>>> print(open('input15.txt').read())   # compact mmCIF, C-alpha atoms
# COMPACT_ATOMS: atom_id res chain seq x y z
CA MET A 277 6.57 25.01 27.16
CA GLN A 278 4.18 27.80 28.19
CA LEU A 279 1.50 29.20 25.87
CA ASP A 280 -0.50 32.36 26.51
CA ASN A 281 -4.25 32.62 25.92
CA SER A 282 -3.81 34.13 22.46
CA SER A 283 -2.11 30.89 21.34
CA THR A 284 -5.06 28.56 21.99
CA ASN A 285 -5.67 27.75 18.31
CA ILE A 286 -1.96 27.19 17.69
CA ALA A 287 -1.75 24.88 20.70
CA ALA A 288 -4.70 22.87 19.40
CA SER A 289 -3.07 22.63 15.98
CA LEU A 290 0.17 21.40 17.51
CA ALA A 291 -1.69 18.84 19.64
CA LEU A 292 -3.32 17.47 16.49
CA ALA A 293 0.04 17.54 14.71
CA THR A 294 1.66 15.59 17.52
CA CYS A 295 -0.99 12.89 17.41
CA THR A 296 -0.66 12.67 13.63
CA LEU A 297 3.09 12.32 13.84
CA LEU A 298 2.79 9.62 16.47
CA GLY A 299 0.14 7.76 14.50
CA SER A 300 -2.47 8.02 17.27
CA THR A 301 -5.95 9.48 17.47
CA PRO A 302 -6.31 12.73 19.43
CA ALA A 303 -8.80 12.59 22.29
CA LEU A 304 -11.42 15.34 22.34
CA ALA A 305 -11.34 17.78 25.22
CA ASN A 306 -14.51 16.44 26.80
CA GLU A 307 -13.76 12.81 26.10
CA SER A 308 -11.97 12.19 29.37
CA VAL A 309 -15.04 13.52 31.18
CA ASP A 310 -17.89 11.63 29.56
CA ASN A 311 -15.81 8.66 28.32
CA GLU A 312 -17.94 8.40 25.20
CA TRP A 313 -16.99 6.29 22.23
CA ARG A 314 -15.76 8.32 19.27
CA PHE A 315 -16.12 6.97 15.73
CA ASP A 316 -14.25 7.82 12.54
CA THR A 317 -15.72 6.44 9.32
CA ALA A 318 -14.49 6.67 5.74
CA ILE A 319 -15.33 5.40 2.30
CA LEU A 320 -12.80 5.55 -0.52
CA TYR A 321 -13.07 5.01 -4.26
CA TYR A 322 -9.85 4.45 -6.23
CA GLY A 323 -10.04 3.88 -9.97
CA GLU A 324 -7.26 3.38 -12.51
CA THR A 325 -7.93 4.06 -16.19
CA ASP A 326 -8.77 0.70 -17.82
CA ARG A 327 -7.26 -1.17 -14.87
CA VAL A 328 -7.98 -1.83 -11.21
CA SER A 329 -10.73 -0.12 -9.22
CA LEU A 330 -11.23 -0.32 -5.47
CA VAL A 331 -13.94 0.59 -3.00
CA GLU A 332 -12.85 0.69 0.63
CA GLY A 333 -14.89 1.23 3.77
CA VAL A 334 -13.37 1.90 7.20
CA ILE A 335 -14.86 2.38 10.65
CA SER A 336 -12.63 3.17 13.61
CA ALA A 337 -13.82 3.35 17.23
CA THR A 338 -11.88 4.96 20.09
CA LYS A 339 -12.65 5.12 23.81
CA ASP A 340 -10.72 6.60 26.73
CA PHE A 341 -11.54 4.52 29.81
CA GLY A 342 -9.95 7.10 32.07
CA ASP A 343 -6.40 8.06 32.98
CA ASP A 344 -5.40 7.85 29.30
CA HIS A 345 -6.21 4.14 29.05
CA ILE A 346 -7.31 4.20 25.41
CA PHE A 347 -8.71 1.47 23.18
CA ASN A 348 -8.96 1.73 19.41
CA GLY A 349 -10.56 -0.81 17.10
CA LYS A 350 -10.81 -0.61 13.32
CA LEU A 351 -12.67 -2.62 10.68
CA THR A 352 -11.69 -2.29 7.00
CA TYR A 353 -13.33 -3.80 3.93
CA ASP A 354 -11.86 -3.61 0.42
CA GLY A 355 -13.47 -4.71 -2.81
CA LEU A 356 -11.24 -4.82 -5.91
CA THR A 357 -12.03 -5.54 -9.52
CA GLY A 358 -10.68 -4.76 -12.98
CA ALA A 359 -7.57 -5.62 -14.98
CA SER A 360 -4.07 -6.20 -13.63
CA ALA A 361 -0.82 -6.03 -15.62
CA THR A 362 0.75 -9.50 -15.83
CA GLY A 363 4.31 -8.43 -16.66
CA ALA A 364 4.31 -10.02 -20.14
CA VAL A 365 5.30 -7.76 -23.06
CA PRO A 366 2.91 -6.68 -25.83
CA GLN A 367 3.25 -8.12 -29.33
CA ASP A 368 2.20 -7.05 -32.83
CA THR A 369 -0.03 -10.14 -32.98
CA VAL A 370 -2.78 -11.49 -30.72
CA GLN A 371 -1.50 -13.34 -27.62
CA THR A 372 -3.24 -15.94 -25.47
CA PHE A 373 -2.58 -16.61 -21.79
CA SER A 374 -3.73 -19.22 -19.28
CA ARG A 375 -5.75 -18.03 -16.34
CA PRO A 376 -4.14 -18.47 -12.91
CA SER A 377 -6.39 -21.39 -12.02
CA GLY A 378 -5.49 -23.33 -15.16
CA HIS A 379 -9.11 -23.36 -16.36
CA GLY A 380 -9.33 -21.59 -19.67
CA GLY A 381 -7.48 -18.58 -20.98
CA TYR A 382 -7.86 -15.10 -22.39
CA ALA A 383 -6.69 -13.24 -25.47
CA VAL A 384 -4.81 -9.93 -25.66
CA ALA A 385 -5.14 -7.81 -28.79
CA ALA A 386 -2.13 -6.93 -30.94
CA GLY A 387 -0.17 -3.98 -29.57
CA GLU A 388 -1.89 -4.11 -26.17
CA LEU A 389 -0.12 -4.58 -22.86
CA PRO A 390 -1.23 -7.97 -21.44
CA LEU A 391 -3.78 -7.41 -18.67
CA ASP A 392 -5.69 -10.14 -16.87
CA ASP A 393 -9.18 -8.66 -16.77
CA THR A 394 -10.52 -11.20 -14.26
CA PHE A 395 -8.79 -9.59 -11.28
CA ARG A 396 -11.32 -9.68 -8.44
CA ASP A 397 -10.81 -9.87 -4.73
CA SER A 398 -12.13 -8.67 -1.39
CA ARG A 399 -10.35 -8.11 1.90
CA VAL A 400 -11.55 -7.83 5.48
CA GLN A 401 -9.15 -6.51 8.12
CA LEU A 402 -9.54 -6.11 11.88
CA ASN A 403 -7.20 -4.04 14.07
CA ALA A 404 -7.21 -3.52 17.84
CA GLN A 405 -4.86 -1.28 19.83
CA TRP A 406 -4.53 -0.54 23.56
CA THR A 407 -2.52 2.42 24.88
CA GLN A 408 -1.88 3.40 28.51
CA PRO A 409 0.63 5.18 30.73
CA LEU A 410 3.37 3.03 32.25
CA GLY A 411 4.84 5.82 34.37
CA ASP A 412 4.82 9.59 34.75
CA ASN A 413 6.35 10.13 31.30
CA LEU A 414 6.21 6.66 29.77
CA ARG A 415 3.45 5.27 27.55
CA GLY A 416 3.01 1.79 26.19
CA SER A 417 0.89 0.48 23.35
CA ALA A 418 0.11 -3.01 22.05
CA GLY A 419 -2.04 -4.23 19.20
CA VAL A 420 -3.06 -7.05 16.91
CA HIS A 421 -4.39 -7.29 13.38
CA ALA A 422 -5.89 -9.92 11.11
CA SER A 423 -6.57 -9.62 7.39
CA LYS A 424 -8.17 -12.14 5.01
CA GLU A 425 -8.40 -12.18 1.25
CA TYR A 426 -9.49 -14.98 -1.08
CA ASP A 427 -5.91 -16.26 -1.42
CA TYR A 428 -4.09 -14.42 1.38
CA LEU A 429 -4.14 -14.49 5.19
CA SER A 430 -2.19 -12.02 7.33
CA LEU A 431 -1.84 -12.04 11.12
CA GLY A 432 0.24 -9.61 13.15
CA MET A 433 1.03 -8.06 16.49
CA ASN A 434 2.84 -4.91 17.56
CA GLY A 435 4.08 -3.08 20.62
CA SER A 436 5.66 0.29 21.31
CA LEU A 437 7.06 2.47 24.09
CA ALA A 438 7.18 6.27 24.15
CA GLN A 439 9.20 8.22 26.72
CA ASP A 440 8.70 11.97 27.24
CA PHE A 441 11.50 14.32 28.27
CA ASP A 442 11.99 18.06 28.83
CA GLN A 443 8.45 18.80 30.08
CA LYS A 444 7.05 16.61 27.30
CA ASN A 445 8.66 18.69 24.56
CA THR A 446 10.74 15.69 23.47
CA THR A 447 9.51 12.14 22.90
CA LEU A 448 11.59 9.07 22.12
CA SER A 449 9.73 6.01 20.84
CA LEU A 450 10.53 2.42 19.99
CA GLY A 451 8.16 0.14 18.11
CA LEU A 452 8.30 -3.53 17.14
CA SER A 453 5.91 -5.54 15.00
CA TYR A 454 5.69 -9.10 13.66
CA GLN A 455 3.53 -10.23 10.76
CA PHE A 456 2.84 -13.73 9.48
CA ASP A 457 1.42 -14.07 5.95
CA GLN A 458 0.05 -17.20 4.32
CA ILE A 459 -0.31 -17.23 0.54
CA ASP A 460 -2.55 -19.78 -1.17
CA PRO A 461 -2.43 -18.86 -4.88
CA VAL A 462 -5.31 -19.77 -7.17
CA GLY A 463 -4.27 -22.93 -8.99
CA GLY A 464 -1.32 -23.52 -6.64
CA THR A 465 2.11 -21.94 -6.34
CA PRO A 466 3.89 -21.93 -9.73
CA GLU A 467 7.48 -23.10 -10.08
CA ARG A 468 10.04 -20.30 -10.16
CA LEU A 469 10.61 -19.36 -13.80
CA GLY A 470 8.34 -22.24 -14.73
CA VAL A 471 6.69 -22.12 -18.14
CA MET A 472 3.13 -20.85 -18.29
CA PRO A 473 1.08 -23.55 -20.07
CA ILE A 474 -0.66 -22.69 -23.32
CA PRO A 475 -4.43 -22.51 -22.70
CA THR A 476 -6.50 -25.27 -24.31
CA TYR A 477 -9.48 -22.96 -24.70
CA ILE A 478 -10.50 -19.33 -24.21
CA GLY A 479 -13.36 -18.97 -21.76
CA ASP A 480 -14.56 -18.07 -18.29
CA ASP A 481 -12.52 -19.06 -15.26
CA TYR A 482 -13.85 -20.57 -12.07
CA ASP A 483 -11.37 -19.34 -9.50
CA ASP A 484 -10.74 -15.81 -10.68
CA ASP A 485 -14.46 -15.02 -10.83
CA HIS A 486 -15.14 -17.07 -7.68
CA ASP A 487 -18.04 -18.83 -9.36
CA ASP A 488 -18.53 -22.03 -11.34
CA ASP A 489 -20.65 -21.03 -14.31
CA TYR A 490 -18.13 -21.91 -16.99
CA ASP A 491 -18.45 -24.70 -19.55
CA ASP A 492 -19.15 -28.09 -17.96
CA ASP A 493 -16.59 -29.69 -20.28
CA HIS A 494 -13.88 -27.91 -18.29
CA ASP A 495 -15.45 -28.18 -14.83
CA ASP A 496 -12.56 -29.98 -13.17
CA ASP A 497 -11.61 -29.57 -9.54
CA HIS A 498 -9.56 -26.35 -9.50
CA ASP A 499 -7.15 -27.81 -6.97
CA ASN A 500 -6.08 -30.35 -9.60
CA ALA A 501 -5.75 -27.92 -12.51
CA TYR A 502 -1.97 -27.79 -12.03
CA PRO A 503 -1.09 -31.07 -10.25
CA ASP A 504 2.65 -30.27 -10.48
CA ARG A 505 2.36 -27.01 -8.52
CA ASN A 506 3.17 -26.41 -4.88
CA GLY A 507 0.68 -25.59 -2.17
CA THR A 508 0.42 -22.87 0.45
CA GLN A 509 3.45 -20.61 1.05
CA ASN A 510 4.41 -18.52 4.11
CA LYS A 511 6.18 -15.25 4.79
CA ASP A 512 7.42 -13.62 8.02
CA THR A 513 8.10 -9.91 8.47
CA VAL A 514 9.66 -8.12 11.44
CA ASP A 515 9.64 -4.31 11.63
CA VAL A 516 11.52 -2.09 14.07
CA LEU A 517 10.91 1.67 14.33
CA LEU A 518 12.92 4.26 16.27
CA GLY A 519 11.40 7.72 16.54
CA LEU A 520 12.19 11.17 17.90
CA THR A 521 9.50 13.86 18.17
CA GLN A 522 10.56 17.37 19.15
CA ILE A 523 8.52 20.52 19.79
CA ILE A 524 10.77 23.23 18.36
CA ASN A 525 8.71 26.24 19.51
CA ARG A 526 5.09 27.17 20.07
CA ARG A 527 4.37 26.85 16.35
CA THR A 528 6.64 24.06 15.13
CA ILE A 529 6.91 20.34 15.78
CA MET A 530 9.27 17.91 14.07
CA GLN A 531 9.70 14.16 13.89
CA LEU A 532 12.54 11.94 12.70
CA ASN A 533 12.11 8.15 12.32
CA TYR A 534 14.36 5.29 11.33
CA GLY A 535 12.81 1.97 10.38
CA VAL A 536 14.11 -1.43 9.35
CA SER A 537 11.99 -4.27 7.95
CA VAL A 538 13.13 -7.86 7.38
CA SER A 539 11.01 -10.27 5.33
CA ASP A 540 11.71 -13.96 4.91
CA GLY A 541 9.80 -16.58 2.96
CA TYR A 542 7.69 -16.51 -0.19
CA LEU A 543 8.10 -13.02 -1.68
CA ASN A 544 7.00 -13.81 -5.24
CA ASP A 545 3.80 -12.56 -6.81
CA PRO A 546 2.43 -15.90 -8.07
CA TYR A 547 0.39 -14.22 -10.83
CA LYS A 548 3.19 -12.18 -12.43
CA LEU A 549 4.86 -13.27 -15.68
CA VAL A 550 7.98 -12.47 -17.70
CA SER A 551 8.28 -12.97 -21.46
CA VAL A 552 11.17 -14.73 -23.19
CA VAL A 553 11.79 -13.07 -26.58
CA ASN A 554 14.13 -13.59 -29.56
CA ASP A 555 16.22 -10.94 -31.33
CA LEU A 556 13.12 -9.89 -33.32
CA GLY A 557 11.22 -9.17 -30.09
CA GLN A 558 8.89 -12.13 -30.64
CA THR A 559 7.72 -13.99 -27.54
CA GLN A 560 8.98 -17.58 -27.50
CA GLN A 561 7.52 -18.58 -24.14
CA THR A 562 6.15 -17.00 -20.98
CA LEU A 563 7.58 -17.76 -17.53
CA PHE A 564 6.41 -17.15 -13.98
CA GLU A 565 8.59 -14.66 -12.13
CA SER A 566 11.22 -15.45 -9.49
CA ARG A 567 12.23 -13.20 -6.57
CA PRO A 568 14.66 -13.75 -3.68
CA ASP A 569 13.32 -15.30 -0.47
CA GLN A 570 14.66 -12.51 1.74
CA ARG A 571 14.41 -8.75 1.74
CA THR A 572 15.75 -6.15 4.17
CA LYS A 573 14.47 -2.59 3.89
CA HIS A 574 15.71 0.57 5.60
CA ASN A 575 14.00 3.94 5.66
CA VAL A 576 14.50 7.37 7.18
CA TYR A 577 11.48 9.64 7.57
CA TRP A 578 11.39 13.33 8.48
CA GLN A 579 8.28 15.44 9.03
CA THR A 580 7.69 19.00 10.18
CA LYS A 581 4.41 20.73 10.99
CA TYR A 582 4.14 24.47 11.37
CA ALA A 583 1.04 26.06 12.90
CA MET A 584 0.13 29.34 11.23
CA ASP A 585 -2.50 31.80 12.39
CA SER A 586 -4.71 30.62 9.53
CA GLY A 587 -3.88 26.91 9.35
CA VAL A 588 -1.11 24.28 9.36
CA PHE A 589 1.75 23.65 6.95
CA ASP A 590 2.98 20.03 6.78
CA ILE A 591 6.00 18.76 4.84
CA SER A 592 7.73 15.36 4.93
CA TYR A 593 10.47 13.41 3.19
CA ARG A 594 11.17 9.69 3.16
CA TYR A 595 14.29 7.92 1.91
CA ALA A 596 14.12 4.14 1.53
CA THR A 597 16.53 1.52 0.30
CA ASP A 598 16.76 -2.28 0.38
CA ASP A 599 19.03 -5.19 -0.54
CA TRP A 600 17.11 -5.65 -3.79
CA ASP A 601 18.78 -2.39 -4.91
CA ILE A 602 15.51 -0.45 -4.89
CA THR A 603 16.01 3.12 -3.71
CA SER A 604 13.14 5.57 -3.38
CA HIS A 605 12.54 9.21 -2.47
CA THR A 606 9.16 10.59 -1.38
CA LEU A 607 8.44 14.28 -0.86
CA GLU A 608 4.98 15.18 0.43
CA SER A 609 3.29 18.36 1.58
CA ARG A 610 -0.10 19.56 2.81
CA LEU A 611 -1.17 23.13 3.49
CA ARG A 612 -4.33 23.54 5.55
CA PHE A 613 -6.16 26.87 5.19
CA ASN A 614 -8.85 27.70 7.75
CA ILE A 615 -11.73 29.23 5.76
CA THR A 616 -13.82 29.88 8.87
CA ASP A 617 -13.56 28.87 12.52
CA ASN A 618 -15.02 25.45 11.65
CA SER A 619 -14.06 24.75 8.01
CA TYR A 620 -10.86 24.40 6.00
CA LEU A 621 -9.30 23.60 2.62
CA GLN A 622 -6.18 21.45 2.34
CA PRO A 623 -4.20 21.11 -0.91
CA HIS A 624 -1.92 18.08 -1.11
CA ILE A 625 1.02 17.12 -3.32
CA ARG A 626 3.21 14.02 -3.27
CA ILE A 627 6.22 13.29 -5.49
CA TYR A 628 7.81 9.84 -5.66
CA LYS A 629 10.86 8.48 -7.48
CA GLN A 630 12.18 4.89 -7.49
CA THR A 631 15.05 2.95 -9.04
CA ALA A 632 14.66 -0.62 -10.32
CA ALA A 633 15.39 -3.83 -8.43
CA GLU A 634 18.61 -5.58 -9.44
CA PHE A 635 16.65 -8.52 -10.86
CA TYR A 636 14.02 -6.44 -12.64
CA GLN A 637 13.93 -6.94 -16.40
CA PRO A 638 10.99 -6.29 -18.74
CA PHE A 639 11.81 -9.46 -20.73
CA ILE A 640 14.42 -12.23 -21.02
CA LEU A 641 16.39 -12.80 -24.22
CA ASP A 642 16.19 -16.40 -25.39
CA ASP A 643 19.91 -16.54 -26.24
CA SER A 644 20.90 -15.55 -22.68
CA PRO A 645 21.35 -17.92 -19.73
CA LEU A 646 18.22 -18.17 -17.58
CA PRO A 647 18.76 -16.00 -14.49
CA THR A 648 18.08 -17.17 -10.94
CA PHE A 649 15.81 -14.22 -10.28
CA ALA A 650 13.75 -12.20 -12.73
CA SER A 651 10.61 -10.10 -12.54
CA ALA A 652 8.90 -7.83 -15.07
CA ASP A 653 6.53 -6.39 -12.46
CA TYR A 654 6.55 -2.65 -13.20
CA ARG A 655 6.18 -1.96 -9.47
CA LEU A 656 9.79 -3.16 -9.08
CA GLY A 657 11.05 -1.08 -12.01
CA ASP A 658 12.36 2.41 -12.53
CA MET A 659 9.53 4.92 -12.12
CA ASP A 660 8.35 8.25 -10.86
CA ALA A 661 4.89 9.19 -9.66
CA TYR A 662 2.96 12.13 -8.34
CA THR A 663 -0.29 12.81 -6.53
CA VAL A 664 -2.17 16.11 -6.39
CA GLY A 665 -5.39 16.66 -4.49
CA LEU A 666 -7.64 18.86 -2.43
CA LYS A 667 -9.52 18.22 0.80
CA TYR A 668 -12.41 20.18 2.31
CA GLY A 669 -13.45 19.64 5.94
CA GLN A 670 -15.98 21.09 8.35
CA GLN A 671 -16.67 20.89 12.08
CA LEU A 672 -20.38 20.75 12.95
CA ASP A 673 -22.08 22.51 15.85
CA ASN A 674 -22.77 19.19 17.61
CA GLY A 675 -19.07 18.27 17.64
CA ASP A 676 -19.20 15.94 14.63
CA ALA A 677 -16.93 16.57 11.64
CA TRP A 678 -16.86 15.58 7.99
CA ALA A 679 -14.40 15.91 5.10
CA VAL A 680 -14.18 15.05 1.41
CA ARG A 681 -10.95 14.52 -0.51
CA MET A 682 -10.32 14.27 -4.27
CA GLU A 683 -6.93 13.36 -5.73
CA TYR A 684 -5.32 12.51 -9.04
CA TYR A 685 -2.47 9.98 -9.19
CA GLN A 686 -0.14 9.21 -12.08
CA GLN A 687 2.64 6.63 -12.15
CA ASN A 688 5.22 6.73 -14.95
CA PRO A 689 7.30 3.54 -15.38
CA LYS A 690 10.55 4.02 -17.28
CA ASN A 691 13.08 2.00 -19.22
CA ALA A 692 15.85 1.11 -16.76
CA GLY A 693 18.46 0.89 -19.54
CA PHE A 694 17.31 -2.16 -21.53
CA ASP A 695 17.76 -2.41 -25.32
CA GLU A 696 14.46 -3.26 -27.01
CA PRO A 697 14.93 -5.78 -29.83
CA GLY A 698 12.83 -5.90 -33.00
CA GLN A 699 9.15 -5.11 -32.67
CA LEU A 700 9.46 -4.18 -28.98
CA ALA A 701 11.11 -0.89 -29.98
CA ASP A 702 7.81 0.14 -31.62
CA LEU A 703 5.52 -0.96 -28.77
CA ASP A 704 4.74 0.81 -25.50
CA LEU A 705 6.37 -1.34 -22.84
CA TYR A 706 6.00 1.24 -20.06
CA PRO A 707 2.53 2.81 -20.19
CA SER A 708 1.57 5.29 -17.47
CA VAL A 709 -0.92 4.34 -14.79
CA LYS A 710 -3.50 7.05 -14.07
CA ALA A 711 -6.03 7.00 -11.26
CA MET A 712 -8.63 9.12 -9.47
CA MET A 713 -9.38 8.92 -5.74
CA VAL A 714 -12.40 10.22 -3.86
CA GLN A 715 -12.73 9.81 -0.08
CA PHE A 716 -15.45 10.88 2.35
CA ASN A 717 -14.91 10.95 6.12
CA TYR A 718 -17.36 11.44 8.97
CA GLN A 719 -16.41 11.64 12.66
CA PHE A 720 -18.94 11.45 15.48
>>> encode(input="input15.txt", output="structure tokens")
Amino acid sequence: MQLDNSSTNIAASLALATCTLLGSTPALANESVDNEWRFDTAILYYGETDRVSLVEGVISATKDFGDDHIFNGKLTYDGLTGASATGAVPQDTVQTFSRPSGHGGYAVAAGELPLDDTFRDSRVQLNAQWTQPLGDNLRGSAGVHASKEYDYLSLGMNGSLAQDFDQKNTTLSLGLSYQFDQIDPVGGTPERLGVMPIPTYIGDDYDDDHDDDYDDDHDDDHDNAYPDRNGTQNKDTVDVLLGLTQIINRRTIMQLNYGVSVSDGYLNDPYKLVSVVNDLGQTQQTLFESRPDQRTKHNVYWQTKYAMDSGVFDISYRYATDDWDITSHTLESRLRFNITDNSYLQPHIRIYKQTAAEFYQPFILDDSPLPTFASADYRLGDMDAYTVGLKYGQQLDNGDAWAVRMEYYQQNPKNAGFDEPGQLADLDLYPSVKAMMVQFNYQF
């Protein structure tokens, strides 16, 4: 594909679009000459109303060692705190729940959705990726990652090949990744659909707060709080991605991906609950959820970028389905307006819709047989969601760049066709989740 001199800005936009589509970091024009390290840093705040809040910091470093032999390393730190929905239904009376560790409990007011307000965690993740040519039109990439939370360890590796055709206007890619996860739930792994014990007292909890300043009368070894529980659980995930990237013309580039993901092992959330209710909607007991041990997901992803004289238009669509009967549709678009030669505004909108898993149910009726699988986790239920936001970015005279992004997110769980007995018909079983996001980036 030949571009005349008047198309320099469009060519640059398409080069950036190509790198974004391929999930790589574009090298600066002078980077192959001076071989300097380039850094991309970001800090993100995400806060849900009356629920979880997160602060995330990321630093990514990239270096071209010559001849397109590129290394990228990334360090991510997350700090989470707040209240997390347990899956139990609200009641018109006060409810009490045991904490995950088995030390103490907490009370939920009448009419309120049960939230465990001791949700706290931190995560450190390291990623490393190496990319290099393997032939005139063939590139290879390999990487590793490690992530550690208080109760979760994740290790993974990946590799990919990308072959260019038609004077590099067409690229075919194949990627493969493997991830091993180890889950060590606070208080041990609960039995599937096992009964949550009634708390003997309401007070602070050792494990969830990661400290030991609670009442000495209850200062037992947290490993022995639930002696009948299981220990560490494992999960394996294999992902395969096939991709086609095509430059349509001097302004347009398109990508089409197909991905399949197979997970095997412990797929439960050990902290999620499901209520057993009678025909009056009154909770009789509370159980721990149960999910299948295997999950296969398929997705098709399409994205197109169009370089305008004054910016870039980006639109994408993703269709996903799995053998849990969850089907989702995601439509997303960004429109970048160049304000000046070195600054821009970028509105963003994302629309998401999802159907419920076959074993999702907001509660279990006490006169029905106990199912093999059941979860009241709203993330597995029928829902729609949307995100709207705006980003402002600027290129500095010294080659550095910065950007700030603000977005609003709202998730709307829905009733997937369940009759609501007794008092449950008058209570809000599917409250919306609302959140604000603010992110600042600096590249140097």
>>> closest_residue(input="input15.txt", among="A:Leu402, A:Leu389, A:Val680, A:Leu517", to="Gly435 (chain A)", atoms="only C-alpha atoms")
A:Leu517
>>> atom_distance(input="input15.txt", atom1="CA of Gly464 (chain A)", atom2="CA of Gln509 (chain A)")
9.5 Å
>>> residues_around(input="input15.txt", residues="Val588 (chain A)", least_positions_apart="2", cutoff="8 Å", atoms="all atoms listed in the file", output="list in words")
Ser289, Lys581, Tyr582, Ala583, Met584, Ser586, Asp590, Leu611, Arg612 and Phe613 of chain A
>>> residues_around(input="input15.txt", residues="Thr513 (chain A)", least_positions_apart="5", cutoff="7 Å", atoms="all atoms listed in the file", output="number ranges by chain")
A: 454-456, 537-540
>>> atom_distance(input="input15.txt", atom1="CA of Ala652 (chain A)", atom2="CA of Glu565 (chain A)")
7.4 Å
>>> residues_around(input="input15.txt", residues="Lys573 (chain A)", least_positions_apart="4", cutoff="8 Å", atoms="all atoms listed in the file", output="MDAnalysis selection string")
chainID A and resid 536:538 596:599
>>> closest_residue(input="input15.txt", among="A:Ala318, A:Ile602, A:Ile640, A:Leu356", to="Gln560 (chain A)", atoms="all atoms listed in the file")
A:Ile640
>>> closest_residue(input="input15.txt", among="A:Val552, A:Ile627, A:Leu532, A:Ala692", to="Thr580 (chain A)", atoms="only C-alpha atoms")
A:Leu532
>>> atom_distance(input="input15.txt", atom1="CA of Ala386 (chain A)", atom2="CA of Pro707 (chain A)")
15.2 Å
>>> residues_around(input="input15.txt", residues="Thr616 (chain A)", least_positions_apart="4", cutoff="10 Å", atoms="only C-alpha atoms", output="MDAnalysis selection string")
chainID A and resid 586 620:621 670:671
>>> closest_residue(input="input15.txt", among="A:Glu683, A:Glu696, A:Asp569, A:Asp354", to="Phe649 (chain A)", atoms="only C-alpha atoms")
A:Asp569
>>> residues_around(input="input15.txt", residues="Trp578 (chain A)", least_positions_apart="4", cutoff="10 Å", atoms="only C-alpha atoms", output="short mmCIF file (atom, residue, chain, number, x, y, z; two decimals) with C-alpha atoms, in the frame of the given file")
data_model
loop_
_atom_site.label_atom_id
_atom_site.label_comp_id
_atom_site.auth_asym_id
_atom_site.auth_seq_id
_atom_site.Cartn_x
_atom_site.Cartn_y
_atom_site.Cartn_z
CA LEU A 297 3.09 12.32 13.84
CA GLY A 519 11.40 7.72 16.54
CA LEU A 520 12.19 11.17 17.90
CA THR A 521 9.50 13.86 18.17
CA MET A 530 9.27 17.91 14.07
CA GLN A 531 9.70 14.16 13.89
CA LEU A 532 12.54 11.94 12.70
CA ASN A 533 12.11 8.15 12.32
CA TYR A 534 14.36 5.29 11.33
CA ILE A 591 6.00 18.76 4.84
CA SER A 592 7.73 15.36 4.93
CA TYR A 593 10.47 13.41 3.19
CA ARG A 594 11.17 9.69 3.16
CA TYR A 595 14.29 7.92 1.91
CA LEU A 607 8.44 14.28 -0.86
#
>>> closest_residue(input="input15.txt", among="A:Asn445, A:Thr325, A:Thr362, A:Gln458", to="Ile523 (chain A)", atoms="all atoms listed in the file")
A:Asn445
>>> closest_residue(input="input15.txt", among="A:His605, A:Arg415, A:His345, A:Lys350", to="Leu437 (chain A)", atoms="all atoms listed in the file")
A:Arg415
>>> decode(input="input15.txt", residues="region 568-578 of chain A", atoms="N, CA and C atoms", output="short mmCIF file (atom, residue, chain, number, x, y, z; two decimals), in the first residue's frame")
data_model
loop_
_atom_site.label_atom_id
_atom_site.label_comp_id
_atom_site.auth_asym_id
_atom_site.auth_seq_id
_atom_site.Cartn_x
_atom_site.Cartn_y
_atom_site.Cartn_z
N PRO A 568 -20.32 -25.82 38.16
CA PRO A 568 -19.64 -26.94 37.52
C PRO A 568 -18.12 -26.79 37.56
N ASP A 569 -17.41 -27.91 37.38
CA ASP A 569 -15.95 -27.91 37.42
C ASP A 569 -15.32 -27.63 36.07
N GLN A 570 -16.13 -27.48 35.03
CA GLN A 570 -15.60 -27.21 33.70
C GLN A 570 -16.41 -26.10 33.04
N ARG A 571 -15.71 -25.36 32.18
CA ARG A 571 -16.38 -24.29 31.44
C ARG A 571 -15.63 -24.06 30.13
N THR A 572 -16.38 -24.07 29.03
CA THR A 572 -15.80 -23.78 27.72
C THR A 572 -16.49 -22.54 27.16
N LYS A 573 -15.68 -21.55 26.81
CA LYS A 573 -16.20 -20.28 26.30
C LYS A 573 -15.73 -20.06 24.86
N HIS A 574 -16.61 -19.52 24.04
CA HIS A 574 -16.28 -19.14 22.67
C HIS A 574 -16.61 -17.66 22.49
N ASN A 575 -15.80 -16.97 21.71
CA ASN A 575 -16.12 -15.58 21.41
C ASN A 575 -15.63 -15.20 20.02
N VAL A 576 -16.37 -14.30 19.41
CA VAL A 576 -16.01 -13.72 18.12
C VAL A 576 -15.94 -12.20 18.32
N TYR A 577 -14.84 -11.62 17.85
CA TYR A 577 -14.61 -10.20 18.07
C TYR A 577 -14.29 -9.52 16.75
N TRP A 578 -14.96 -8.41 16.49
CA TRP A 578 -14.74 -7.63 15.27
C TRP A 578 -14.45 -6.19 15.66
#
